[in-house]
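Just below is one structure, and these are the notes that go with it.
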Amino acid sequence: MSESRRDLPQHIVFVIIGASGDLARRKVMPALFALHARGFLPEDCLFVGYARSDMNDQSFRMFLADYLQCEELDDAACGLAVGQFLKRCHYVRGQYDSPQDMRRLEQRLNEVATGEKFNRVFYLAIPPSVFLTTCESLAAAGMSGQTEEEPWTRVVMEKPFGHDRASSDELVTGAARVFDEAQTYRIDHYLGKEVIQNLMTLRFANVVFEPVWNRDYIDHVHIVWKEDLDLAGRAGYFDKFGIVRDVMQNHLTQILALVAMESPFQLNPHNVRDEKVRLLQQVLPVRAEDLVLGQYVGATLPDGHEVPGYLADPGVPDDSRTATYAAAVMHVHSPRWRGVPFLMSAGKGLNARMTEIRVHFKEPDHGIFKPFGARANAFVVRVQPDEAIYLEICNKVPGSGMRLDVARLDLRYRKAFPGRIADAYENLLMDVVRGDRSLFIRADELQAAWDIFTPTLHAADEGRIEVESYKFGSNGPAGVRRLAQRYGIDDGNE
């Protein structure tokens with residue numbers, strides 16, 4: 001047995017519900033293949049897809065084949081790994097709300113997983129609108145299983161978890177009638193990214209940071225998420241949710257929790273998530289005056305390419321007010337952070353693709369170097385692309401006279417840690433196999449995150465918050481600059 005397989009549970013079957021969808025094809029199944037190819041899964045691991053599409057085992061394997069990539073294997077070894085993986089992939093066609101179809105799925109599982117009692121992971125790669133009916137069908141077919149005693153059953157649920165606090169509570173309560181909290185893994189793939197997982201290590205394993213990680217030394221924090229793309233065929237989904245629900249309430253709020261939380265008593269799932277919940281419960285609900293919403297319009301890019309506006313997408317209603325950009329100033333009402341503004345911004349159709357956490361420190365009190373070009377320090381964690389951590393510091397420029405400039409102490413992940421960096425889904429799926437729920441969202445954590453945004457989301461849904469226009473390929477609407485200036489924050493052109 002490979003060293004990487006030691007101490008793992010044996011006899012596991014992954015059941016991907018919604019297996020014909022884009023998420024399963026582009027993310028979940030390639031991540032499972034990568035784990036298989038690297039020897040991180042039990043040798044007898046099985047993969048069963050379930051969806052409404054008309055496919056059989058062979059067509060399902062063909063459907064997946066082009067998305068299975070070998071990053072560390074030569075062509076011969078890659079071909080062997082792909083063949084082995086696809087032989088273990090099976091498909092069952094059925095409706096999500098049909099207990100009868102789920103019983104056929106159960107029968108098929110018993111057929112392919114012969115000779116042993118298999119642990120089961122149900123991955124719900126489906127829209128939240130069918131979460132509850134799917135869970136109820138699984139329960140009616142007797143497939144909800146048990147918690148930890150082998151053979152166990154675990155369920156992975158993809159965001160979005162509702163569209164406000166009430167609908168989220170309904171999903172949590174309904175799913176809990178089938179799968180208890182210990183079985184439930186609410187996934188946010190951003191928490192599987194190596195740089196995000198490293199945030200607690202940076203803060204609590206390096207004594208140099210903790211003394212200055214507070215309101216006495218930090219002026220403001222900017223968590224920024226940018227995409228330079230349009231909706232790329234996802235308009236039907238996106239228009240129902242918008243950028244706040246799609247990115248800010250989950251991905252960026254999870255980052256905020258890790259940046260601002262207190263140190264857990266121990267590094268275990270319960271203590272880590274306790275501290276995240278405690279922090280989120282101290283974040284005041286976003287006020288309408290601290291929120292800027294935008295929607296991109298068509299533009300001509302520097303290369304002459306014409307890009308249509310959001311409303312020109314055939315999947316978007318002509319009168320849609322859905323925001324493709326949002327910026328909010330968050331206030332953490334705690335002794336450590338009181339008075340420090342956290343600017344959170346996210347947008348599509350912007351001038352770059354990147355995700356960064358920028359911690360801006362205060363300027364020195366004495367200011368003796370300010371006439372020579374001194375600037376405040378900044379600590380930056382770049383999540384994507386080209387993962388990096390760097391510290392901006394002031395230095396004297398070599399030569400006569402006194403002139404200062406900013407230089408970077410720079411750690412590039414791919415240079416410092418040569419070799420393949422695992423995909424976020426790979427990391428999180430391995431945690432599901434191990435039963436480690438540290439990086440998955442607990443029910444009370446979900447409640448606290450929705451409480452931050454629900455009031456202003458309702459105001460926006462009712463048309464009580466203006467949605468500004470901004471050109472595709474720009475840095476977003478003008479309102480974000482005014483918001484940032486009001487709090488003395490860098491204007492977002494970083």
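Chain labels A, B, ... are given in the sequence in which chains occur in the structure tokens; within each chain residues are numbered consecutively from 1, and ligands are likewise numbered from 1 in the order shown.
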
All strand (DSSP E) positions in stretch 64-188 of chain A, as a PyMOL selection string: chain A and resi 89-93+119-124+153-158+184-187

Contact residues around A:Thr134 with only C-alpha atoms at 9 Å, ignoring same-chain residues under 5 positions, as an NGL selection string: :A and (17 or 95-99 or 124 or 139)

Check which residues of stretch 438-465 of chain A sit at most 10 Å from stretch 171-178 of chain A using only C-alpha atoms, and return one row each with the closest pair of atoms and their distance in Å to one decimal, ordered by chain and rising number, as a tab-separated table.
residue	atom	partner	partner_atom	distance
A:Arg442	CA	A:Val172	CA	9.9
A:Ala443	CA	A:Val172	CA	6.9
A:Asp444	CA	A:Val172	CA	9.9
A:Leu446	CA	A:Val172	CA	9.3
A:Gln447	CA	A:Val172	CA	9.6

Please dump the current selection as a PDB file, in the first residue's frame; keep C-alpha atoms.
ATOM      1  CA  ARG A 442     -20.888  24.734  10.611  1.00  0.00           C
ATOM      2  CA  ALA A 443     -24.584  25.624  10.857  1.00  0.00           C
ATOM      3  CA  ASP A 444     -24.095  28.461  13.362  1.00  0.00           C
ATOM      4  CA  LEU A 446     -23.563  29.943   8.261  1.00  0.00           C
ATOM      5  CA  GLN A 447     -26.175  31.781  10.326  1.00  0.00           C
TER       6      GLN A 447
END

Using only C-alpha atoms, determine which residues lie at most 8 Å from A:Ala376, disregarding the query and same-chain residues fewer than 5 positions distant; provide the list as a PDB file with C-alpha atoms, in the first residue's frame.
ATOM      1  CA  HIS A 360      -2.399  48.223   5.568  1.00  0.00           C
ATOM      2  CA  PHE A 361      -0.465  49.380   8.601  1.00  0.00           C
ATOM      3  CA  LYS A 362      -0.528  52.866  10.092  1.00  0.00           C
ATOM      4  CA  GLU A 363       2.141  55.412   9.325  1.00  0.00           C
ATOM      5  CA  PRO A 364       4.852  56.032  11.967  1.00  0.00           C
ATOM      6  CA  ILE A 393       8.635  48.068   3.452  1.00  0.00           C
ATOM      7  CA  CYS A 394      10.347  51.436   3.012  1.00  0.00           C
TER       8      CYS A 394
END

Given only C-alpha atoms as the counted atoms, nearest of A:Pro211, A:Pro269, A:Gly21, A:Pro285 to A:Leu457: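 Selected residue with least distance to A:Leu457: A:Pro285.
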
Nearest-residue call for A:Asn56, choices A:Thr114, A:Ser20, A:Thr133, A:Asn271, using only C-alpha atoms: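 Selected residue with least distance to A:Asn56: A:Ser20.
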
Residues near A:Tyr310, cut-off 12 Å, only C-alpha atoms, skip fewer than 3 positions along chain, as an MDAnalysis selection string: chainID A and resid 229:236 238:239 242 294:299 307 313:325 348:349 469:472

Let me see the file: selected residues, N, CA and C atoms, as an mmCIF file, in the first residue's frame.
data_model
loop_
_atom_site.group_PDB
_atom_site.id
_atom_site.type_symbol
_atom_site.label_atom_id
_atom_site.label_comp_id
_atom_site.auth_asym_id
_atom_site.auth_seq_id
_atom_site.Cartn_x
_atom_site.Cartn_y
_atom_site.Cartn_z
ATOM 1 N N LEU A 229 -13.613 38.483 -16.574
ATOM 2 C CA LEU A 229 -14.435 37.669 -17.457
ATOM 3 C C LEU A 229 -15.896 38.099 -17.390
ATOM 4 N N ASP A 230 -16.651 37.692 -18.418
ATOM 5 C CA ASP A 230 -18.094 37.870 -18.349
ATOM 6 C C ASP A 230 -18.702 36.633 -17.684
ATOM 7 N N LEU A 231 -19.984 36.400 -17.879
ATOM 8 C CA LEU A 231 -20.652 35.301 -17.177
ATOM 9 C C LEU A 231 -20.373 33.929 -17.783
ATOM 10 N N ALA A 232 -19.828 33.877 -18.991
ATOM 11 C CA ALA A 232 -19.375 32.630 -19.607
ATOM 12 C C ALA A 232 -20.427 31.520 -19.521
ATOM 13 N N GLY A 233 -21.662 31.851 -19.886
ATOM 14 C CA GLY A 233 -22.710 30.840 -19.907
ATOM 15 C C GLY A 233 -23.381 30.569 -18.578
ATOM 16 N N ARG A 234 -22.988 31.289 -17.513
ATOM 17 C CA ARG A 234 -23.570 31.054 -16.189
ATOM 18 C C ARG A 234 -24.618 32.098 -15.823
ATOM 19 N N ALA A 235 -25.077 32.865 -16.784
ATOM 20 C CA ALA A 235 -25.983 33.970 -16.475
ATOM 21 C C ALA A 235 -27.274 33.485 -15.825
ATOM 22 N N GLY A 236 -27.799 32.344 -16.267
ATOM 23 C CA GLY A 236 -29.042 31.839 -15.687
ATOM 24 C C GLY A 236 -28.926 31.593 -14.209
ATOM 25 N N PHE A 238 -26.285 32.945 -12.243
ATOM 26 C CA PHE A 238 -25.772 34.129 -11.550
ATOM 27 C C PHE A 238 -26.868 35.165 -11.313
ATOM 28 N N ASP A 239 -27.771 35.342 -12.272
ATOM 29 C CA ASP A 239 -28.755 36.405 -12.135
ATOM 30 C C ASP A 239 -29.700 36.176 -10.967
ATOM 31 N N GLY A 242 -26.387 36.987 -7.787
ATOM 32 C CA GLY A 242 -25.603 38.206 -7.755
ATOM 33 C C GLY A 242 -24.292 38.028 -7.032
ATOM 34 N N GLY A 294 -22.738 47.519 -8.374
ATOM 35 C CA GLY A 294 -22.519 47.912 -9.761
ATOM 36 C C GLY A 294 -22.888 46.806 -10.721
ATOM 37 N N GLN A 295 -23.111 47.177 -11.968
ATOM 38 C CA GLN A 295 -23.408 46.214 -13.036
ATOM 39 C C GLN A 295 -22.656 46.674 -14.288
ATOM 40 N N TYR A 296 -21.905 45.748 -14.902
ATOM 41 C CA TYR A 296 -21.071 46.175 -16.024
ATOM 42 C C TYR A 296 -21.896 46.379 -17.297
ATOM 43 N N VAL A 297 -21.429 47.370 -18.082
ATOM 44 C CA VAL A 297 -22.012 47.665 -19.395
ATOM 45 C C VAL A 297 -20.958 47.371 -20.453
ATOM 46 N N GLY A 298 -21.377 47.328 -21.706
ATOM 47 C CA GLY A 298 -20.467 46.993 -22.793
ATOM 48 C C GLY A 298 -19.355 48.005 -22.958
ATOM 49 N N ALA A 299 -18.259 47.563 -23.539
ATOM 50 C CA ALA A 299 -17.105 48.438 -23.742
ATOM 51 C C ALA A 299 -16.235 47.878 -24.861
ATOM 52 N N VAL A 307 -16.994 44.042 -26.087
ATOM 53 C CA VAL A 307 -17.589 43.167 -25.074
ATOM 54 C C VAL A 307 -18.985 43.681 -24.753
ATOM 55 N N ASP A 313 -26.607 39.728 -22.259
ATOM 56 C CA ASP A 313 -26.503 38.275 -22.191
ATOM 57 C C ASP A 313 -27.892 37.673 -22.350
ATOM 58 N N PRO A 314 -28.040 36.681 -23.234
ATOM 59 C CA PRO A 314 -29.382 36.116 -23.457
ATOM 60 C C PRO A 314 -30.003 35.463 -22.228
ATOM 61 N N GLY A 315 -29.201 35.114 -21.227
ATOM 62 C CA GLY A 315 -29.742 34.510 -20.019
ATOM 63 C C GLY A 315 -30.164 35.509 -18.961
ATOM 64 N N VAL A 316 -30.055 36.820 -19.269
ATOM 65 C CA VAL A 316 -30.339 37.868 -18.284
ATOM 66 C C VAL A 316 -31.594 38.635 -18.697
ATOM 67 N N PRO A 317 -32.575 38.802 -17.803
ATOM 68 C CA PRO A 317 -33.753 39.618 -18.128
ATOM 69 C C PRO A 317 -33.357 41.057 -18.448
ATOM 70 N N ASP A 318 -34.115 41.688 -19.342
ATOM 71 C CA ASP A 318 -33.788 43.046 -19.791
ATOM 72 C C ASP A 318 -33.788 44.055 -18.650
ATOM 73 N N ASP A 319 -34.593 43.806 -17.632
ATOM 74 C CA ASP A 319 -34.704 44.768 -16.534
ATOM 75 C C ASP A 319 -33.940 44.318 -15.279
ATOM 76 N N SER A 320 -33.000 43.405 -15.413
ATOM 77 C CA SER A 320 -32.288 42.873 -14.245
ATOM 78 C C SER A 320 -31.497 43.958 -13.527
ATOM 79 N N ARG A 321 -31.592 43.946 -12.207
ATOM 80 C CA ARG A 321 -30.800 44.844 -11.366
ATOM 81 C C ARG A 321 -29.716 44.070 -10.599
ATOM 82 N N THR A 322 -29.451 42.855 -11.022
ATOM 83 C CA THR A 322 -28.465 42.018 -10.333
ATOM 84 C C THR A 322 -27.081 42.657 -10.396
ATOM 85 N N ALA A 323 -26.423 42.716 -9.270
ATOM 86 C CA ALA A 323 -25.102 43.344 -9.182
ATOM 87 C C ALA A 323 -24.014 42.367 -9.630
ATOM 88 N N THR A 324 -23.150 42.835 -10.527
ATOM 89 C CA THR A 324 -21.956 42.074 -10.905
ATOM 90 C C THR A 324 -20.728 42.581 -10.152
ATOM 91 N N TYR A 325 -20.915 43.654 -9.373
ATOM 92 C CA TYR A 325 -19.838 44.223 -8.550
ATOM 93 C C TYR A 325 -20.431 44.658 -7.220
ATOM 94 N N LYS A 348 -17.069 41.102 -11.347
ATOM 95 C CA LYS A 348 -16.811 40.480 -12.645
ATOM 96 C C LYS A 348 -16.690 41.571 -13.699
ATOM 97 N N GLY A 349 -16.032 41.232 -14.822
ATOM 98 C CA GLY A 349 -15.873 42.202 -15.894
ATOM 99 C C GLY A 349 -14.975 43.353 -15.510
ATOM 100 N N SER A 469 -23.577 51.768 -12.987
ATOM 101 C CA SER A 469 -22.979 51.156 -14.175
ATOM 102 C C SER A 469 -21.464 51.368 -14.157
ATOM 103 N N TYR A 470 -20.745 50.386 -14.684
ATOM 104 C CA TYR A 470 -19.303 50.549 -14.907
ATOM 105 C C TYR A 470 -18.932 49.807 -16.182
ATOM 106 N N LYS A 471 -17.926 50.287 -16.863
ATOM 107 C CA LYS A 471 -17.535 49.684 -18.129
ATOM 108 C C LYS A 471 -16.799 48.368 -17.907
ATOM 109 N N PHE A 472 -17.107 47.391 -18.739
ATOM 110 C CA PHE A 472 -16.360 46.135 -18.724
ATOM 111 C C PHE A 472 -14.877 46.453 -18.936
#

Neighbour list for A:Gln84 as a PyMOL selection string, cut-off 10 Å, only C-alpha atoms, skip fewer than 5 positions in-chain: chain A and resi 33+36-37+78-79+89

So that I can see what lies close to A:Asn110, please list as an mmCIF file with C-alpha atoms, in the first residue's frame the residues with an atom at most 12 Å from it, counting only C-alpha atoms and leaving out residues fewer than 5 positions away in the same chain.
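So the final result, stored in selection14.cif, reads:
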data_model
loop_
_atom_site.group_PDB
_atom_site.id
_atom_site.type_symbol
_atom_site.label_atom_id
_atom_site.label_comp_id
_atom_site.auth_asym_id
_atom_site.auth_seq_id
_atom_site.Cartn_x
_atom_site.Cartn_y
_atom_site.Cartn_z
ATOM 1 C CA VAL A 13 -17.613 4.984 -2.719
ATOM 2 C CA LEU A 46 -15.410 3.640 -6.494
ATOM 3 C CA VAL A 48 -20.816 6.573 -9.047
ATOM 4 C CA ARG A 103 -33.586 2.793 -4.624
ATOM 5 C CA ARG A 104 -32.188 1.850 -8.044
ATOM 6 C CA LEU A 105 -29.089 3.842 -7.129
ATOM 7 C CA GLY A 115 -17.788 -8.169 -0.913
ATOM 8 C CA GLU A 116 -17.314 -5.319 1.560
ATOM 9 C CA LYS A 117 -19.362 -2.759 3.442
ATOM 10 C CA PHE A 118 -18.390 0.516 1.758
ATOM 11 C CA ASN A 119 -18.227 3.908 3.432
ATOM 12 C CA ARG A 120 -20.210 6.445 1.402
ATOM 13 C CA MET A 143 -29.591 5.806 2.304
#

DSSP-assigned alpha helix (DSSP H) members of stretch 98-133 of chain A, reported as a list of chain:residue names: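 The alpha helix (DSSP H) residues within stretch 98-133 of chain A come out as A:Pro99, A:Gln100, A:Asp101, A:Met102, A:Arg103, A:Arg104, A:Leu105, A:Glu106, A:Gln107, A:Arg108, A:Leu109, A:Asn110, A:Glu111, A:Val112, A:Phe131, A:Leu132, A:Thr133.
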
I need the chosen residues saved as a compact mmCIF listing (two decimals), in the first residue's frame, with N, CA and C atoms.
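Heads up, here's the output in result29.txt:
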# COMPACT_ATOMS: atom_id res chain seq x y z
N PRO A 99 -37.81 8.72 -4.80
CA PRO A 99 -37.30 7.64 -3.96
C PRO A 99 -37.11 6.34 -4.73
N GLN A 100 -37.97 6.10 -5.71
CA GLN A 100 -37.84 4.88 -6.50
C GLN A 100 -36.53 4.87 -7.26
N ASP A 101 -36.16 6.01 -7.89
CA ASP A 101 -34.89 6.09 -8.60
C ASP A 101 -33.72 5.97 -7.64
N MET A 102 -33.87 6.53 -6.44
CA MET A 102 -32.80 6.41 -5.45
C MET A 102 -32.62 4.95 -5.00
N ARG A 103 -33.72 4.22 -4.97
CA ARG A 103 -33.59 2.79 -4.62
C ARG A 103 -32.81 2.05 -5.72
N ARG A 104 -32.99 2.45 -6.97
CA ARG A 104 -32.19 1.85 -8.04
C ARG A 104 -30.72 2.22 -7.88
N LEU A 105 -30.46 3.45 -7.42
CA LEU A 105 -29.09 3.84 -7.13
C LEU A 105 -28.51 2.96 -6.03
N GLU A 106 -29.30 2.73 -4.97
CA GLU A 106 -28.85 1.87 -3.87
C GLU A 106 -28.55 0.46 -4.38
N GLN A 107 -29.40 -0.04 -5.25
CA GLN A 107 -29.17 -1.37 -5.81
C GLN A 107 -27.87 -1.41 -6.61
N ARG A 108 -27.63 -0.35 -7.38
CA ARG A 108 -26.40 -0.30 -8.18
C ARG A 108 -25.16 -0.21 -7.29
N LEU A 109 -25.26 0.56 -6.22
CA LEU A 109 -24.14 0.64 -5.29
C LEU A 109 -23.81 -0.72 -4.71
N ASN A 110 -24.82 -1.47 -4.38
CA ASN A 110 -24.59 -2.81 -3.83
C ASN A 110 -23.99 -3.75 -4.87
N GLU A 111 -24.31 -3.50 -6.15
CA GLU A 111 -23.76 -4.34 -7.22
C GLU A 111 -22.28 -4.06 -7.46
N VAL A 112 -21.91 -2.77 -7.51
CA VAL A 112 -20.51 -2.44 -7.84
C VAL A 112 -19.60 -2.58 -6.64
N PHE A 131 -31.84 20.65 -3.16
CA PHE A 131 -31.17 20.03 -2.01
C PHE A 131 -32.13 19.20 -1.17
N LEU A 132 -33.21 19.84 -0.73
CA LEU A 132 -34.08 19.18 0.25
C LEU A 132 -34.80 17.99 -0.34
N THR A 133 -35.32 18.13 -1.58
CA THR A 133 -36.01 16.99 -2.18
C THR A 133 -35.04 15.84 -2.41

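Counting only C-alpha atoms and comparing A:Gly39, A:Pro385, A:Gly367, A:Gly142, the residue that lies closest to A:Leu8 is A:Gly39.
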
Minimum-distance residue to A:Val480, chosen among A:Ala374, A:Leu293, A:Ala448, A:Ala388 (using only C-alpha atoms):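 Answer, going by the shortest atom-to-atom distance: A:Leu293.
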
A:Gln183 environment, 12 Å, only C-alpha atoms, sequence neighbours closer than 2 positions dropped, as a VMD selection string: chain A and resid 120 to 123 144 to 149 152 to 157 175 to 181 185 to 186 432 to 433 435 to 437 440 442

Same residues, C-alpha atoms, output as an mmCIF file, in the first residue's frame:
data_model
loop_
_atom_site.group_PDB
_atom_site.id
_atom_site.type_symbol
_atom_site.label_atom_id
_atom_site.label_comp_id
_atom_site.auth_asym_id
_atom_site.auth_seq_id
_atom_site.Cartn_x
_atom_site.Cartn_y
_atom_site.Cartn_z
ATOM 1 C CA ARG A 120 -20.210 6.445 1.402
ATOM 2 C CA VAL A 121 -19.673 10.080 0.468
ATOM 3 C CA PHE A 122 -22.648 11.752 -1.207
ATOM 4 C CA TYR A 123 -21.519 14.887 -3.059
ATOM 5 C CA SER A 144 -28.944 8.409 5.013
ATOM 6 C CA GLY A 145 -26.645 5.984 6.819
ATOM 7 C CA GLN A 146 -24.845 6.631 10.089
ATOM 8 C CA THR A 147 -22.341 9.127 11.374
ATOM 9 C CA GLU A 148 -18.932 7.727 12.256
ATOM 10 C CA GLU A 149 -19.117 4.034 13.000
ATOM 11 C CA TRP A 152 -20.233 5.669 7.694
ATOM 12 C CA THR A 153 -22.140 8.040 5.410
ATOM 13 C CA ARG A 154 -21.114 11.680 4.820
ATOM 14 C CA VAL A 155 -22.719 14.322 2.644
ATOM 15 C CA VAL A 156 -20.946 17.253 0.961
ATOM 16 C CA MET A 157 -23.095 20.285 0.125
ATOM 17 C CA ALA A 175 -31.258 18.601 5.589
ATOM 18 C CA ALA A 176 -30.796 17.888 9.315
ATOM 19 C CA ARG A 177 -33.885 15.673 9.232
ATOM 20 C CA VAL A 178 -31.856 13.331 7.009
ATOM 21 C CA PHE A 179 -28.168 13.935 7.781
ATOM 22 C CA ASP A 180 -27.044 15.064 11.209
ATOM 23 C CA GLU A 181 -24.513 17.875 11.619
ATOM 24 C CA TYR A 185 -19.701 18.939 5.138
ATOM 25 C CA ARG A 186 -20.701 22.354 3.735
ATOM 26 C CA VAL A 432 -13.967 14.554 3.981
ATOM 27 C CA VAL A 433 -12.325 11.119 3.721
ATOM 28 C CA GLY A 435 -13.431 13.113 8.731
ATOM 29 C CA ASP A 436 -11.715 16.469 9.381
ATOM 30 C CA ARG A 437 -14.376 19.207 9.404
ATOM 31 C CA PHE A 440 -16.158 23.137 6.441
ATOM 32 C CA ARG A 442 -20.888 24.734 10.611
#

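Of the residues under consideration (A:Ala449, A:Cys135, A:Ala424, A:Ala182), A:Ala449 shows the shortest atom-to-atom contact distance to A:Leu280 when counting only C-alpha atoms.
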
Atomic distance atom CA of A:His90 - atom CA of A:Pro160, expressed in Å with one decimal: 27.3 Å

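Separating atom CA of A:Ala328 from atom CA of A:His222 is a distance of 10.1 Å.
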
Proximity to A:Glu71 - best of A:Lys27, A:Arg338, A:Arg403, A:Arg38, only C-alpha atoms: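 Of A:Lys27, A:Arg338, A:Arg403, A:Arg38, the one nearest A:Glu71 is A:Arg38, counting only C-alpha atoms.
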
Two-atom distance - atom CA of A:Pro335, atom CA of A:Phe379 (Å):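 Rounded to one decimal, the two atoms are 21.4 Å apart.
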